[in-house]
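Presented below is the structure to which this report refers.
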Amino acid sequence: MIDRLREFFDAPLPLPGSGRTEERWDRLAALSREDTVLGRFAEAHADALAILAELGGPQPRREQIWGVWAAEPPSPVLGADETSDGWTLTGVKPWCSGAHLCTDALVTARVGDRRRLFAVDLTQPACSPIPDSWHAVGMADSDSGHVRFDGARAHPVGEPGAYLERPGFWHGAIGVAACWFGSACGVADTLHAAVRSGADAHAAAHLGAVAAGLSAASSTLKVAAAEIDSDPFDYDGQGRLRARTVRAVVENAASDCIDRVGRALGAGPLCIDAAHARRVADLTVYLRQSHAERDLAALGEDVAEEKSPW
């Protein structure tokens, strides 16, 4: 997996807003169609490089694999302290994708009542994945368990709050949706092959519905990429609304795809096609990076502020 990731990044991804955002998302989607977990790792690494380019920080090296560990549940809490020798991190961070794979990570930690981003070399002894803290079936290979920091040396990236306040935060949120889309295309491939081989009219109807949903998702991603490239610093203030809308459209298409492929083909592919079964399980978990109705409620609140939203 490490070799495939490094091969993928031998041709660097364009940064969001660089004029080639669609290419960035197309490549992430293609890798996710190949393997959902690979796409997940690639998206996080690419997001880390974009954040470092936007906020400053250590210069990434080719041999590094970066994660972005920014989940902030009420507990456990990771704290940051400034000492005479620099910053250190102490505590436990949950939801650390690539806990054993990543060499470096951008990690949010609490400084008083604010959140600040830090770059951490994960090879230091003060960083250690906690055994048996990841029990997922879907996305099992993403290794997204807890990591303990015991006074780990860290370098601040940006000022407190900058991680969330920068324009690229919402651009990056759409990169995840591009990976959902690619993985959903992989699920749909199984239904497409079945209909081409002579599956019944009901399966063909499901394929038509899946194609329509994925086409809408693809078009939404393309439009969003063009809008970001035309306003990379989000001067028009539409970044959050755009990202929430795109994620909702893609999530809906991907969820409908999983459901329709299962209804069209029954349990067979889920039981005898290992690659398909793993992709469905992986994507089902990955989609829960969306917070479902909570995200839709937030989107609705944003839309309510628009005088003419459509």
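Residue numbering restarts at 1 for every chain of the structure tokens, chains are lettered A, B, ... in their displayed order, and ligands are numbered from 1 as they appear.
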
Would you give me, as JSON lines, each residue of range 117-233 of chain A having an atom within 8 Å of an atom of range 29-43 of chain A, along with its shortest atom pair and that distance in Å to one decimal, using only C-alpha atoms and sorting by chain and residue number?
```
{"residue": "A:Met139", "atom": "CA", "partner": "A:Val37", "partner_atom": "CA", "distance": 6.4}
{"residue": "A:Asp141", "atom": "CA", "partner": "A:Val37", "partner_atom": "CA", "distance": 6.7}
{"residue": "A:Ser142", "atom": "CA", "partner": "A:Val37", "partner_atom": "CA", "distance": 5.8}
{"residue": "A:Gly175", "atom": "CA", "partner": "A:Glu43", "partner_atom": "CA", "distance": 6.6}
{"residue": "A:Val176", "atom": "CA", "partner": "A:Glu43", "partner_atom": "CA", "distance": 6.7}
{"residue": "A:Ala178", "atom": "CA", "partner": "A:Ala29", "partner_atom": "CA", "distance": 5.3}
{"residue": "A:Cys179", "atom": "CA", "partner": "A:Ala29", "partner_atom": "CA", "distance": 4.7}
{"residue": "A:Trp180", "atom": "CA", "partner": "A:Ala29", "partner_atom": "CA", "distance": 7.4}
{"residue": "A:Phe181", "atom": "CA", "partner": "A:Ala29", "partner_atom": "CA", "distance": 6.3}
{"residue": "A:Gly182", "atom": "CA", "partner": "A:Ala29", "partner_atom": "CA", "distance": 3.9}
{"residue": "A:Ser183", "atom": "CA", "partner": "A:Arg33", "partner_atom": "CA", "distance": 4.4}
{"residue": "A:Ala184", "atom": "CA", "partner": "A:Arg33", "partner_atom": "CA", "distance": 7.2}
{"residue": "A:Cys185", "atom": "CA", "partner": "A:Arg33", "partner_atom": "CA", "distance": 6.2}
{"residue": "A:Gly186", "atom": "CA", "partner": "A:Arg33", "partner_atom": "CA", "distance": 4.8}
```

Excluding Ala297 in chain A and its own-chain neighbours fewer than 6 positions away, which residues fall within 12 Å of it when counting only C-alpha atoms? Please give them as a PyMOL selection string.
chain A and resi 241+244-245+248+291+303-304

Contacts of range 71-78 of chain A at 8 Å or less, counting only C-alpha atoms, minus same-chain residues fewer than 2 places along, as a ChimeraX atom specification?
/A:69,80,89-95,108-110,149
